[in-house]
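**Student:** Would you mind keeping the following structure in view while I ask a few things?
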Amino acid sequence: MFPKGLLFFFAFAIAVSAKVISWTGYSEESQEAATEAARAGVAKQISVHIDASTSVTHSETTSDNGNSEIEKKIKSQNFSRSDLLLNGIRIQVLPKNGKRFGATATLDLDELVSKYRFKLETLQHTINETEAKARQALAEQRFVETDRQLATIPGIVKSQEPILEEMSLYTPLDNSMRLKTESAAIQQALTLALRQLQISVSKEGNPQELDPKSSFLLTVTVAGPKGPIPNFPLLIENGGKALANAATDAQGAATFQIPASNLTRGSGEVLIQPAISANQRNLAGLMAIKVPYQVSSPVCPLNLACNQGPSACTAVADQISKHFGQVVQDRSAQTVTVRIKSTSERTLKNITSYKVSLSLSAGTRECKWSGTGAGRTKDEAQTNALKKMDLGSCIETLEVCQ
């Protein structure tokens with residue numbers, strides 16, 4: 001006999017086979033406890049870690065005759081660490097036998113493993129389709145598309161790892177279960193095809209002698225052993241920025257018009273390279289073609305009539321230079337009258353903000369600009385405001401520096 005109030009908990013295996021695992025659990029505590037015992041029993045049979053804890057509590061009660069009775073209660077709990085496992089278990093609740101609850105847990109390993117096999121087969125089908133597209137694109141000399149298709153395969157292969165990890169809980173793994181890919185062979189064929197390309201550049205106009213308003217043409221042709229390569233993407237870069245991109249036409253040619261205004265001033269290089277992944281360019285040894293150029297620094301001769309101090313007048317000249325070249329003071333050139341008006345707005349500690357109005361006029365044409373600047377002096381605040389003004393459209397209105 002068990003002492004008064006004692007709860008007991010145990011699990012009993014009724015069947016274990018290579019295909020199906022069953023375990024029946026009992027408990028006098030609750031149906032939930034019996035169900036958990038059955039699930040934990042199945043989990044133990046397939047080497048899934050189980051956390052089991054047992055706690056013992058004591059309580060004292062006083063009977064009607066005043067005597068004290070000590071009750072000892074034992075409670076056991078089982079937890080499976082694998083939710084994935086528990087999702088594959090079927091539970092059958094048994095009829096209650098007196099105070100005892102019961103439940104049978106059953107796990108069909110073949111059925112469970114087949115779900116993982118199906119996931120792997122789906123991934124394998126995706127790889128096969130992707131490789132077929134890559135081969136087709138390579139045969140049609142669509143090299144960028146080949147590269148794009150191949151780039152997706154490593155991610156697909158990597159996605160098998162969690163599936164195999166879960167699958168290993170239920171069945172031994174071997175290499176036949178892993179995904180198969182021939183992407184390395186396709187990659188090698190792509191690299192070989194790219195190494196056989198011939199990329200040449202012809203120029204119209206002299207990029208060595210450019211003024212900021214001129215431009216020059218670059219015609220890039222791409223050919224392989226079988227002739228011109230159409231739809232081959234090319235990228236033009238300068239100073240780390242993309243200037244233009246285009247794909248070759250049916251004759252394997254692409255023409256780019258490069259405005260000097262888009263180039264960095266002075267001496268530099270235009271880079272022409274295939275618009276394909278950097279990794280693939282490195283594998284194939286595709287080096288960027290460099291076209292050197294020289295853009296002269298423009299000058300803007302003006303007779304700048306400024307009614308302010310040197311710092312304010314210099315700030316106006318610098319803003320004009322940003323768009324139209326270095327301002328050169330020339331009394332014989334067109335006169336541009338500069339008028340600046342500043343009004344203080346507020347002072348915070350030693351810093352005062354000013355509203356600054358700028359007027360530029362040439363003959364009958366005039367443009368106006370306004371802004372706010374702050375500084376310890378009026379001259380400093382005024383200069384800071386002028387430095388923030390974009391005078392490009394204003395100078396175009398005046399039709400100077402043409």
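In the structure tokens, the first chain shown is A, the next is B, and so on; residue numbers restart at 1 for each chain, and ligands run from 1 in the order shown.
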Going by DSSP on the backbone, which residues of range 16-264 of chain A come out as strand (DSSP E or B)? List them as number ranges by chain.

**Tutor:** A: 16, 20-27, 50-62, 68-80, 90-97, 100-108, 198-204, 210, 215-224, 227-228, 233-238, 241-247, 253-259

**Student:** List every residue of range 103-275 of chain A that DSSP, applied to the backbone of this structure, assigns to helix (DSSP H, G or I), and report them as an NGL selection string.

**Tutor:** :A and (109-139 or 143-158 or 160-167 or 175-177 or 183-195 or 260-262)

**Student:** Looking at A:Ala253, A:Ala103, A:Leu179, A:Met167, which one is nearest to Thr126 in chain A, with distances taken over only C-alpha atoms?

**Tutor:** A:Leu179

**Student:** Neighbouring residues of Ala317 in chain A were defined as those with any atom within 9 Å, considering only C-alpha atoms; residues of the same chain fewer than 6 positions away were excluded. Please report them as a PyMOL selection string.

**Tutor:** chain A and resi 304+326-328

**Student:** Pick out the closest residue to Pro225 in chain A from this set: A:Gln141, A:Gln308, A:Asn282, A:Asn206. Count only C-alpha atoms.

**Tutor:**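 That would be A:Gln141, the residue with the smallest distance to Pro225 in chain A.
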
**Student:** When distances are computed from only C-alpha atoms, which of A:Leu94, A:Ala275, A:Ala260, A:Ala223 shows the smallest separation from Ala247 in chain A?

**Tutor:**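 Closest to Ala247 in chain A of all the choices is A:Ala275.
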
**Student:** List the neighbours of Pro274 in chain A out to 7 Å using only C-alpha atoms; skip same-chain residues closer than 2 positions along the sequence, and give me the result as a list in words.

**Tutor:** Pro233, Leu234, Leu235 and Ile276 of chain A

**Student:** For the residues in that selection, give me N, CA, C and O atoms as an mmCIF file, in the first residue's frame.

**Tutor:**
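Done, and the output landed in selection-v3.cif:
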```cif
data_model
loop_
_atom_site.group_PDB
_atom_site.id
_atom_site.type_symbol
_atom_site.label_atom_id
_atom_site.label_comp_id
_atom_site.auth_asym_id
_atom_site.auth_seq_id
_atom_site.Cartn_x
_atom_site.Cartn_y
_atom_site.Cartn_z
ATOM 1 N N PRO A 233 26.625 42.714 -70.726
ATOM 2 C CA PRO A 233 26.515 43.974 -69.991
ATOM 3 C C PRO A 233 27.887 44.568 -69.670
ATOM 4 O O PRO A 233 28.816 43.864 -69.282
ATOM 5 N N LEU A 234 27.985 45.868 -69.836
ATOM 6 C CA LEU A 234 29.220 46.599 -69.565
ATOM 7 C C LEU A 234 28.933 47.766 -68.634
ATOM 8 O O LEU A 234 27.832 48.348 -68.657
ATOM 9 N N LEU A 235 29.929 48.115 -67.848
ATOM 10 C CA LEU A 235 29.779 49.193 -66.863
ATOM 11 C C LEU A 235 30.932 50.177 -67.031
ATOM 12 O O LEU A 235 32.082 49.778 -67.161
ATOM 13 N N ILE A 276 29.514 41.917 -64.371
ATOM 14 C CA ILE A 276 29.317 40.580 -63.837
ATOM 15 C C ILE A 276 29.890 40.578 -62.435
ATOM 16 O O ILE A 276 30.604 41.508 -62.046
#
```

**Student:** Residues within 6 Å of Ala105 in chain A, please, as a VMD selection string. Count only C-alpha atoms; anything in the same chain fewer than 6 positions from it doesn't count.

**Tutor:** chain A and resid 22 to 23 38 to 39 90 to 91

**Student:** Just how far from CA of Leu194 in chain A is CA of Ile236 in chain A, in Å to one decimal?

**Tutor:**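 A separation of 18.8 Å between them.
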
**Student:** Give me the residues within 12 Å of Ser267 in chain A as a list of chain:residue names, counting only C-alpha atoms and dropping any in the same chain fewer than 3 places off.

**Tutor:** A:Pro207, A:Gln208, A:Glu209, A:Leu210, A:Asp211, A:Asn238, A:Gly239, A:Ala260, A:Leu263, A:Thr264, A:Val270, A:Val291, A:Pro292, A:Tyr293, A:Gln294, A:Val295, A:Ser296, A:Ser297

**Student:** Suppose we keep N, CA and C atoms; can you now write the selection as a short mmCIF file (atom, residue, chain, number, x, y, z; two decimals), in the first residue's frame?

**Tutor:**
```
data_model
loop_
_atom_site.label_atom_id
_atom_site.label_comp_id
_atom_site.auth_asym_id
_atom_site.auth_seq_id
_atom_site.Cartn_x
_atom_site.Cartn_y
_atom_site.Cartn_z
N PRO A 207 40.04 62.12 -75.41
CA PRO A 207 39.81 62.24 -73.97
C PRO A 207 40.98 62.87 -73.23
N GLN A 208 42.12 63.05 -73.93
CA GLN A 208 43.27 63.67 -73.29
C GLN A 208 43.18 65.20 -73.28
N GLU A 209 42.26 65.74 -74.10
CA GLU A 209 42.12 67.20 -74.17
C GLU A 209 40.65 67.57 -74.13
N LEU A 210 40.11 67.57 -72.93
CA LEU A 210 38.68 67.84 -72.75
C LEU A 210 38.47 69.14 -72.01
N ASP A 211 37.54 69.95 -72.50
CA ASP A 211 37.09 71.07 -71.68
C ASP A 211 35.79 70.63 -71.00
N ASN A 238 33.97 55.93 -62.95
CA ASN A 238 34.98 56.97 -62.81
C ASN A 238 34.99 57.45 -61.37
N GLY A 239 36.14 57.43 -60.76
CA GLY A 239 36.23 57.89 -59.38
C GLY A 239 35.40 57.09 -58.41
N ALA A 260 32.25 65.37 -70.26
CA ALA A 260 33.36 65.74 -69.37
C ALA A 260 32.86 66.29 -68.05
N LEU A 263 32.92 63.85 -65.22
CA LEU A 263 34.19 63.29 -64.81
C LEU A 263 34.83 64.14 -63.72
N THR A 264 35.67 63.50 -62.92
CA THR A 264 36.44 64.26 -61.95
C THR A 264 37.42 65.18 -62.71
N VAL A 270 38.83 56.50 -66.98
CA VAL A 270 37.52 55.87 -67.11
C VAL A 270 37.75 54.36 -67.14
N VAL A 291 40.81 53.94 -69.65
CA VAL A 291 40.94 54.97 -70.68
C VAL A 291 41.31 56.28 -69.97
N PRO A 292 42.54 56.74 -70.09
CA PRO A 292 42.95 57.97 -69.41
C PRO A 292 42.32 59.20 -70.07
N TYR A 293 42.14 60.23 -69.28
CA TYR A 293 41.59 61.48 -69.81
C TYR A 293 42.20 62.66 -69.06
N GLN A 294 41.98 63.83 -69.62
CA GLN A 294 42.43 65.08 -69.01
C GLN A 294 41.35 66.13 -69.22
N VAL A 295 40.74 66.59 -68.12
CA VAL A 295 39.72 67.63 -68.19
C VAL A 295 40.34 68.93 -67.70
N SER A 296 40.35 69.92 -68.56
CA SER A 296 40.93 71.20 -68.16
C SER A 296 40.05 71.89 -67.13
N SER A 297 40.67 72.64 -66.27
CA SER A 297 39.91 73.39 -65.27
C SER A 297 39.38 74.66 -65.93
#
```

**Student:** Pick from A:Arg135, A:Arg346, A:Arg339, A:Arg265: nearest to Arg376 in chain A, with only C-alpha atoms counted?

**Tutor:** A:Arg346
